[in-house]
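Reproduced below: data-v6.cif, with mmCIF, C-alpha atoms.
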data_structure
#
loop_
_atom_site.group_PDB
_atom_site.id
_atom_site.type_symbol
_atom_site.label_atom_id
_atom_site.label_comp_id
_atom_site.auth_asym_id
_atom_site.auth_seq_id
_atom_site.Cartn_x
_atom_site.Cartn_y
_atom_site.Cartn_z
ATOM 1 C CA MET J 1 84.889 37.612 144.256
ATOM 2 C CA LYS J 2 87.260 34.950 145.577
ATOM 3 C CA LEU J 3 88.641 33.031 142.601
ATOM 4 C CA ALA J 4 90.390 29.680 142.892
ATOM 5 C CA ILE J 5 91.582 27.077 140.424
ATOM 6 C CA ARG J 6 91.776 23.293 140.482
ATOM 7 C CA GLU J 7 95.177 22.059 141.660
ATOM 8 C CA THR J 8 95.986 20.079 138.527
ATOM 9 C CA MET J 9 95.209 23.051 136.257
ATOM 10 C CA ALA J 10 98.034 25.132 137.735
ATOM 11 C CA PRO J 11 101.513 24.548 136.266
ATOM 12 C CA GLY J 12 104.142 23.241 138.642
ATOM 13 C CA ALA J 13 105.729 20.031 139.869
ATOM 14 C CA THR J 14 105.008 20.673 143.564
ATOM 15 C CA LEU J 15 102.276 22.311 145.594
ATOM 16 C CA ALA J 16 104.601 25.208 146.406
ATOM 17 C CA GLU J 17 105.261 25.795 142.694
ATOM 18 C CA ARG J 18 101.558 25.660 141.917
ATOM 19 C CA LEU J 19 100.740 28.172 144.663
ATOM 20 C CA ALA J 20 103.434 30.510 143.383
ATOM 21 C CA TRP J 21 101.998 30.296 139.875
ATOM 22 C CA ILE J 22 98.467 30.946 141.151
ATOM 23 C CA GLU J 23 99.682 34.044 142.980
ATOM 24 C CA ARG J 24 101.360 35.348 139.816
ATOM 25 C CA ALA J 25 98.186 34.668 137.823
ATOM 26 C CA GLY J 26 96.229 36.952 140.148
ATOM 27 C CA LEU J 27 94.001 34.282 141.679
ATOM 28 C CA ASP J 28 93.158 33.939 145.349
ATOM 29 C CA GLY J 29 92.959 30.240 146.063
ATOM 30 C CA ILE J 30 93.393 26.613 145.098
ATOM 31 C CA GLU J 31 91.177 23.542 145.177
ATOM 32 C CA LEU J 32 93.152 20.504 146.291
ATOM 33 C CA PHE J 33 92.317 17.542 144.136
ATOM 34 C CA GLY J 34 94.980 14.964 143.583
ATOM 35 C CA PRO J 35 98.735 14.936 144.121
ATOM 36 C CA ALA J 36 99.029 17.309 147.076
ATOM 37 C CA LEU J 37 96.600 15.296 149.182
ATOM 38 C CA GLU J 38 99.036 12.382 149.144
ATOM 39 C CA SER J 39 101.462 14.442 151.259
ATOM 40 C CA PRO J 40 101.400 14.432 155.084
ATOM 41 C CA PRO J 41 99.071 17.126 156.461
ATOM 42 C CA SER J 42 101.974 18.844 158.244
ATOM 43 C CA GLU J 43 103.785 19.298 154.919
ATOM 44 C CA ILE J 44 100.659 20.743 153.299
ATOM 45 C CA GLU J 45 100.237 23.173 156.192
ATOM 46 C CA ALA J 46 103.855 24.288 155.907
ATOM 47 C CA VAL J 47 103.475 25.092 152.213
ATOM 48 C CA PHE J 48 100.354 27.184 152.794
ATOM 49 C CA ALA J 49 102.038 29.003 155.670
ATOM 50 C CA ASP J 50 104.541 30.443 153.179
ATOM 51 C CA SER J 51 101.953 31.552 150.608
ATOM 52 C CA PRO J 52 99.184 34.184 150.421
ATOM 53 C CA VAL J 53 97.124 31.747 148.319
ATOM 54 C CA ARG J 54 94.297 30.233 150.364
ATOM 55 C CA LEU J 55 92.680 26.817 150.353
ATOM 56 C CA ALA J 56 89.258 27.116 148.724
ATOM 57 C CA SER J 57 88.203 23.478 149.011
ATOM 58 C CA ILE J 58 89.398 19.895 149.360
ATOM 59 C CA ASP J 59 88.095 16.966 147.341
ATOM 60 C CA GLY J 60 86.576 14.293 149.557
ATOM 61 C CA GLY J 61 86.592 11.588 146.925
ATOM 62 C CA VAL J 62 83.949 8.928 146.285
ATOM 63 C CA GLY J 63 82.968 5.707 148.018
ATOM 64 C CA LEU J 64 80.090 6.601 150.331
ATOM 65 C CA LEU J 65 77.668 4.652 148.111
ATOM 66 C CA ASP J 66 79.819 1.603 147.514
ATOM 67 C CA ALA J 67 78.141 -1.755 148.089
ATOM 68 C CA ASP J 68 81.176 -2.909 150.112
ATOM 69 C CA PRO J 69 81.010 -1.723 153.763
ATOM 70 C CA ALA J 70 84.808 -1.695 153.938
ATOM 71 C CA VAL J 71 84.975 0.763 151.041
ATOM 72 C CA ARG J 72 82.349 2.955 152.702
ATOM 73 C CA ARG J 73 84.293 2.941 155.986
ATOM 74 C CA ALA J 74 87.482 3.905 154.168
ATOM 75 C CA ALA J 75 85.640 6.757 152.422
ATOM 76 C CA HIS J 76 84.287 7.973 155.764
ATOM 77 C CA GLU J 77 87.760 7.946 157.328
ATOM 78 C CA ARG J 78 89.277 9.775 154.344
ATOM 79 C CA ILE J 79 86.619 12.478 154.321
ATOM 80 C CA ALA J 80 86.838 12.942 158.099
ATOM 81 C CA ALA J 81 90.611 13.384 157.824
ATOM 82 C CA ARG J 82 90.200 15.918 155.048
ATOM 83 C CA LEU J 83 87.630 17.813 157.098
ATOM 84 C CA GLU J 84 90.199 18.052 159.885
ATOM 85 C CA LEU J 85 92.839 19.331 157.446
ATOM 86 C CA ALA J 86 90.344 21.787 155.985
ATOM 87 C CA GLY J 87 89.615 23.087 159.450
ATOM 88 C CA ARG J 88 93.304 23.582 160.235
ATOM 89 C CA LEU J 89 93.778 25.536 157.004
ATOM 90 C CA GLY J 90 90.488 27.456 157.018
ATOM 91 C CA ALA J 91 89.216 25.964 153.766
ATOM 92 C CA GLY J 92 85.839 26.808 152.315
ATOM 93 C CA GLY J 93 84.592 23.224 152.453
ATOM 94 C CA VAL J 94 85.076 19.590 151.511
ATOM 95 C CA LEU J 95 83.552 18.414 148.242
ATOM 96 C CA ILE J 96 81.483 15.233 148.073
ATOM 97 C CA VAL J 97 80.725 13.699 144.674
ATOM 98 C CA PRO J 98 78.001 11.150 145.459
ATOM 99 C CA GLN J 99 78.735 8.925 142.468
ATOM 100 C CA PHE J 100 79.991 8.522 138.935
ATOM 101 C CA ALA J 101 77.293 6.197 137.617
ATOM 102 C CA ARG J 102 74.332 6.419 135.277
ATOM 103 C CA ALA J 103 72.327 3.711 137.031
ATOM 104 C CA ALA J 104 72.031 2.308 140.540
ATOM 105 C CA ALA J 105 74.732 -0.148 141.539
ATOM 106 C CA LEU J 106 72.720 -1.463 144.487
ATOM 107 C CA PRO J 107 70.031 -4.088 143.776
ATOM 108 C CA ASP J 108 66.354 -3.319 143.265
ATOM 109 C CA LEU J 109 64.629 -4.584 146.404
ATOM 110 C CA SER J 110 61.106 -3.535 145.429
ATOM 111 C CA PRO J 111 58.647 -3.292 147.035
ATOM 112 C CA VAL J 112 60.899 -2.391 149.967
ATOM 113 C CA ALA J 113 63.084 0.027 147.991
ATOM 114 C CA THR J 114 64.512 0.446 144.521
ATOM 115 C CA GLY J 115 68.265 0.590 143.997
ATOM 116 C CA ALA J 116 68.025 4.357 143.533
ATOM 117 C CA GLU J 117 66.091 4.755 146.787
ATOM 118 C CA LEU J 118 68.653 2.649 148.634
ATOM 119 C CA GLU J 119 71.511 4.746 147.283
ATOM 120 C CA ARG J 120 69.802 7.972 148.298
ATOM 121 C CA ARG J 121 69.240 6.616 151.824
ATOM 122 C CA LEU J 122 72.846 5.496 151.958
ATOM 123 C CA LEU J 123 74.038 8.963 150.940
ATOM 124 C CA VAL J 124 71.945 10.636 153.653
ATOM 125 C CA ALA J 125 73.239 8.143 156.227
ATOM 126 C CA GLY J 126 76.860 8.607 155.153
ATOM 127 C CA LEU J 127 76.635 12.400 155.320
ATOM 128 C CA THR J 128 74.889 12.209 158.696
ATOM 129 C CA ASP J 129 77.694 10.050 160.044
ATOM 130 C CA LEU J 130 80.183 12.714 158.910
ATOM 131 C CA LEU J 131 78.377 15.592 160.648
ATOM 132 C CA PRO J 132 80.349 15.315 163.920
ATOM 133 C CA ALA J 133 83.626 15.629 161.994
ATOM 134 C CA ALA J 134 82.280 18.594 160.008
ATOM 135 C CA ARG J 135 81.102 20.314 163.180
ATOM 136 C CA ALA J 136 84.389 19.692 164.962
ATOM 137 C CA ALA J 137 86.306 21.177 162.025
ATOM 138 C CA GLY J 138 83.862 24.039 161.506
ATOM 139 C CA ILE J 139 83.894 23.200 157.807
ATOM 140 C CA PRO J 140 80.875 22.419 155.598
ATOM 141 C CA LEU J 141 80.496 19.413 153.373
ATOM 142 C CA PHE J 142 78.987 20.175 149.998
ATOM 143 C CA LEU J 143 77.506 17.976 147.290
ATOM 144 C CA GLU J 144 78.318 18.391 143.622
ATOM 145 C CA PRO J 145 75.382 17.756 141.275
ATOM 146 C CA LEU J 146 76.650 16.202 138.039
ATOM 147 C CA ASN J 147 74.926 16.137 134.678
ATOM 148 C CA ARG J 148 72.959 13.077 133.533
ATOM 149 C CA TYR J 149 75.838 11.792 131.388
ATOM 150 C CA GLU J 150 78.060 11.389 134.471
ATOM 151 C CA ALA J 151 75.629 10.498 137.271
ATOM 152 C CA TYR J 152 71.954 9.949 137.975
ATOM 153 C CA LEU J 153 71.310 10.463 141.694
ATOM 154 C CA VAL J 154 72.062 14.180 142.109
ATOM 155 C CA ASN J 155 71.831 16.130 138.841
ATOM 156 C CA ARG J 156 70.280 19.452 139.848
ATOM 157 C CA VAL J 157 70.865 21.997 142.587
ATOM 158 C CA GLU J 158 67.408 21.352 144.067
ATOM 159 C CA GLN J 159 68.182 17.648 144.472
ATOM 160 C CA GLY J 160 71.444 18.349 146.258
ATOM 161 C CA ALA J 161 69.829 21.003 148.456
ATOM 162 C CA ALA J 162 67.014 18.620 149.436
ATOM 163 C CA ILE J 163 69.480 15.939 150.527
ATOM 164 C CA ALA J 164 71.561 18.500 152.400
ATOM 165 C CA ALA J 165 68.473 19.760 154.226
ATOM 166 C CA GLU J 166 67.722 16.214 155.435
ATOM 167 C CA VAL J 167 71.186 15.961 156.960
ATOM 168 C CA GLY J 168 72.007 19.224 158.688
ATOM 169 C CA ALA J 169 72.034 22.990 158.781
ATOM 170 C CA ALA J 170 73.151 25.053 155.802
ATOM 171 C CA ALA J 171 76.435 25.861 157.543
ATOM 172 C CA GLU J 172 77.161 22.130 157.825
ATOM 173 C CA VAL J 173 75.946 20.577 154.567
ATOM 174 C CA GLY J 174 75.505 22.492 151.340
ATOM 175 C CA VAL J 175 75.539 22.134 147.598
ATOM 176 C CA MET J 176 77.729 23.421 144.799
ATOM 177 C CA ALA J 177 76.383 25.381 141.846
ATOM 178 C CA ASP J 178 78.446 24.256 138.843
ATOM 179 C CA PHE J 179 77.650 26.406 135.814
ATOM 180 C CA PHE J 180 78.676 23.710 133.326
ATOM 181 C CA HIS J 181 76.431 21.028 134.822
ATOM 182 C CA MET J 182 73.628 23.546 135.384
ATOM 183 C CA GLY J 183 73.828 24.498 131.719
ATOM 184 C CA ILE J 184 72.825 20.933 130.895
ATOM 185 C CA GLU J 185 70.372 20.139 133.690
ATOM 186 C CA GLU J 186 68.679 23.356 134.824
ATOM 187 C CA ALA J 187 65.848 24.978 132.883
ATOM 188 C CA ASP J 188 66.871 28.342 134.368
ATOM 189 C CA ILE J 189 70.272 28.702 136.034
ATOM 190 C CA ALA J 190 69.384 31.894 137.894
ATOM 191 C CA ALA J 191 66.111 30.415 139.181
ATOM 192 C CA ALA J 192 67.911 27.282 140.368
ATOM 193 C CA ILE J 193 70.384 29.416 142.300
ATOM 194 C CA ARG J 194 67.623 31.475 143.902
ATOM 195 C CA ALA J 195 65.818 28.290 144.945
ATOM 196 C CA GLY J 196 69.069 26.867 146.359
ATOM 197 C CA GLY J 197 69.524 29.975 148.490
ATOM 198 C CA ASP J 198 71.897 29.652 151.417
ATOM 199 C CA ARG J 199 72.464 25.953 150.686
ATOM 200 C CA ILE J 200 74.811 27.030 147.876
ATOM 201 C CA VAL J 201 78.219 27.231 149.541
ATOM 202 C CA HIS J 202 80.578 26.816 146.574
ATOM 203 C CA VAL J 203 80.540 27.558 142.835
ATOM 204 C CA HIS J 204 82.379 25.974 139.914
ATOM 205 C CA LEU J 205 82.922 27.874 136.691
ATOM 206 C CA ALA J 206 83.326 26.472 133.185
ATOM 207 C CA ASP J 207 81.788 27.507 129.910
ATOM 208 C CA SER J 208 79.183 25.613 127.868
ATOM 209 C CA ASN J 209 81.860 23.492 126.163
ATOM 210 C CA ARG J 210 83.799 22.809 129.395
ATOM 211 C CA LEU J 211 86.508 25.253 128.339
ATOM 212 C CA GLN J 212 87.466 28.266 130.427
ATOM 213 C CA PRO J 213 84.796 30.967 130.852
ATOM 214 C CA GLY J 214 84.780 33.153 127.756
ATOM 215 C CA ARG J 215 85.345 30.305 125.293
ATOM 216 C CA GLY J 216 81.723 29.143 124.975
ATOM 217 C CA HIS J 217 78.232 30.603 124.763
ATOM 218 C CA LEU J 218 77.207 30.538 128.431
ATOM 219 C CA ASP J 219 75.973 33.866 129.827
ATOM 220 C CA PHE J 220 77.229 34.028 133.421
ATOM 221 C CA ARG J 221 75.552 37.335 134.277
ATOM 222 C CA PRO J 222 72.050 36.112 135.270
ATOM 223 C CA GLY J 223 73.554 33.421 137.507
ATOM 224 C CA PHE J 224 75.963 35.904 139.067
ATOM 225 C CA ALA J 225 73.101 38.312 139.758
ATOM 226 C CA ALA J 226 71.160 35.486 141.436
ATOM 227 C CA LEU J 227 74.183 34.590 143.576
ATOM 228 C CA LYS J 228 74.344 38.180 144.763
ATOM 229 C CA GLU J 229 70.611 38.093 145.525
ATOM 230 C CA VAL J 230 70.991 35.060 147.809
ATOM 231 C CA GLY J 231 74.006 36.592 149.540
ATOM 232 C CA PHE J 232 76.627 34.144 148.285
ATOM 233 C CA ASP J 233 80.081 34.998 149.654
ATOM 234 C CA GLY J 234 81.954 31.732 149.117
ATOM 235 C CA TRP J 235 84.600 30.593 146.673
ATOM 236 C CA PHE J 236 84.409 30.394 142.892
ATOM 237 C CA GLY J 237 86.539 27.603 141.463
ATOM 238 C CA ILE J 238 87.637 27.582 137.827
ATOM 239 C CA GLU J 239 87.376 23.919 136.808
ATOM 240 C CA CYS J 240 87.620 23.230 133.103
ATOM 241 C CA ARG J 241 89.808 22.351 130.153
ATOM 242 C CA LEU J 242 92.021 25.167 128.927
ATOM 243 C CA ASP J 243 92.028 26.436 125.359
ATOM 244 C CA GLY J 244 95.529 27.880 125.181
ATOM 245 C CA PRO J 245 98.569 28.193 127.458
ATOM 246 C CA PRO J 246 97.559 28.632 131.119
ATOM 247 C CA GLU J 247 99.944 31.568 131.534
ATOM 248 C CA ARG J 248 97.775 33.526 129.093
ATOM 249 C CA VAL J 249 94.258 32.131 129.215
ATOM 250 C CA VAL J 250 93.773 31.767 132.987
ATOM 251 C CA PRO J 251 94.452 35.463 133.766
ATOM 252 C CA GLU J 252 92.271 36.429 130.786
ATOM 253 C CA SER J 253 89.390 34.302 132.010
ATOM 254 C CA ALA J 254 89.805 35.514 135.596
ATOM 255 C CA ALA J 255 89.657 39.141 134.451
ATOM 256 C CA LEU J 256 86.493 38.422 132.455
ATOM 257 C CA LEU J 257 84.828 36.724 135.422
ATOM 258 C CA ARG J 258 85.648 39.597 137.771
ATOM 259 C CA GLU J 259 84.244 42.040 135.215
ATOM 260 C CA LEU J 260 81.015 40.030 134.840
ATOM 261 C CA TRP J 261 80.657 39.670 138.612
ATOM 262 C CA ALA J 262 81.105 43.394 139.184
ATOM 263 C CA ALA J 263 78.518 44.185 136.515
ATOM 264 C CA ALA J 264 75.939 41.620 137.683
#

For the file at hand, write its structure as structure tokens.
Amino acid sequence: MKLAIRETMAPGATLAERLAWIERAGLDGIELFGPALESPPSEIEAVFADSPVRLASIDGGVGLLDADPAVRRAAHERIAARLELAGRLGAGGVLIVPQFARAAALPDLSPVATGAELERRLLVAGLTDLLPAARAAGIPLFLEPLNRYEAYLVNRVEQGAAIAAEVGAAAEVGVMADFFHMGIEEADIAAAIRAGGDRIVHVHLADSNRLQPGRGHLDFRPGFAALKEVGFDGWFGIECRLDGPPERVVPESAALLRELWAAA
């Protein structure tokens, strides 16, 4: 089990300090999301060269569905650059969040297409345009399904997997299984994972209340067993709010997760 944590959850003023803390906490990797990505790629590479902590994933940001073509172009360029960085550092993938919206921002052009249909087409087109960069880097893109209170277009693993299948091979475009969002949207978390199969390339872990695993009522064991059944060997990222000081609660949660994974 390769365990990582979101960059901003690790104490430290610099990336080097955060990596050192992650190593002391007994974790294996980090998900870059925020401050570190503002640094030149060469500086990021140098920091990782001095640390045993690996890069689990890089956030690609949003913008692929924006109504403004200039914003979409900027999003494409940013994601392509992060794919290149991910390839240089051997990351597990680049995360794509299709949207943070509960309704379509594009106009309803029925009977040609509804706003939702246009946004789905735009997402497929944007991901397809990014395939050459993903292939060149040897790094997969993966979609994050969000619950209905945060987004509407991709809420469940099956929806993300269907879009990914339209775009490219499983090694190129996948989907993330996020236990918090699945706890809201999936009727059966384990069944959703089995149906997602090899399209699941990354996993996020948070409990039912969005606190660290072990602070809610979510049973991770059936989902972990399903991940083993489909042969998942990617990264697990702890992404949640913390109930308690990170120095204490992150190692506790990591130990619990490793125990549950071993027993699944």

When you count all atoms listed in the file, which of these residues is closest to Leu65 in chain J: J:Leu257, J:Ala192, J:Ala171, J:Leu118?
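Nearest to Leu65 in chain J: J:Leu118.
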
Kindly assemble as JSON lines a list of the range 9-61 of chain J residues that lie within 7 Å of range 92-103 of chain J, each paired with its nearest atom pair and their distance in Å to one decimal, using only C-alpha atoms, sorted first by chain and then by ascending residue number.
{"residue": "J:Ala56", "atom": "CA", "partner": "J:Gly92", "partner_atom": "CA", "distance": 5.0}
{"residue": "J:Ser57", "atom": "CA", "partner": "J:Gly93", "partner_atom": "CA", "distance": 5.0}
{"residue": "J:Ile58", "atom": "CA", "partner": "J:Val94", "partner_atom": "CA", "distance": 4.8}
{"residue": "J:Asp59", "atom": "CA", "partner": "J:Leu95", "partner_atom": "CA", "distance": 4.9}
{"residue": "J:Gly60", "atom": "CA", "partner": "J:Leu95", "partner_atom": "CA", "distance": 5.3}
{"residue": "J:Gly61", "atom": "CA", "partner": "J:Ile96", "partner_atom": "CA", "distance": 6.4}

On this structure, which residues satisfy the PyMOL selection byres ((chain J and resi 177) around 7), written as JSON, numbers by chain?
{"J": [157, 175, 176, 178, 179, 200, 202, 203, 204]}

Tell me, as a list in words, which residues lie within 12 Å of Pro132 in chain J, counting only C-alpha atoms; anything in the same chain fewer than 2 positions away does not count.
His76, Ile79, Ala80, Leu83, Glu84, Gly126, Leu127, Thr128, Asp129, Leu130, Ala134, Arg135, Ala136, Ala137, Gly138, Ile139, Pro140, Leu141, Val167, Gly168, Glu172 and Val173 of chain J

Evaluated on this file, the PyMOL selection byres ((chain J and resi 43-47) around 9) picks out some residues - which ones are they, written as a PyMOL selection string?
chain J and resi 15-16+19+36-37+39-42+48-51+85+88-89

Result set, the PyMOL selection byres ((chain J and resi 211-223) around 9) on current file, as a PyMOL selection string:
chain J and resi 179-180+183+188-194+205-210+224-228+238-243+249-250+252-254+256-257+260-261+263-264

Could you tell me which of J:Val230, J:Leu32, J:Leu55, J:Ala81 comes closest to Thr8 in chain J if we count all atoms listed in the file?
J:Leu32

Could you work out how far CA of Glu158 in chain J lies from CA of Pro145 in chain J, giving the answer in Å with one decimal?
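One can read the CA of Pro145 in chain J to CA of Glu158 in chain J distance as 9.2 Å.
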
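Take CA of Pro107 in chain J and CA of Glu77 in chain J: the distance between them is 25.4 Å.
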
For a test of reading the model, state the distance in Å between CA of Leu3 in chain J and CA of Phe236 in chain J, rounded to one decimal.
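If I compute the distance from CA of Leu3 in chain J to CA of Phe236 in chain J, I get 5.0 Å.
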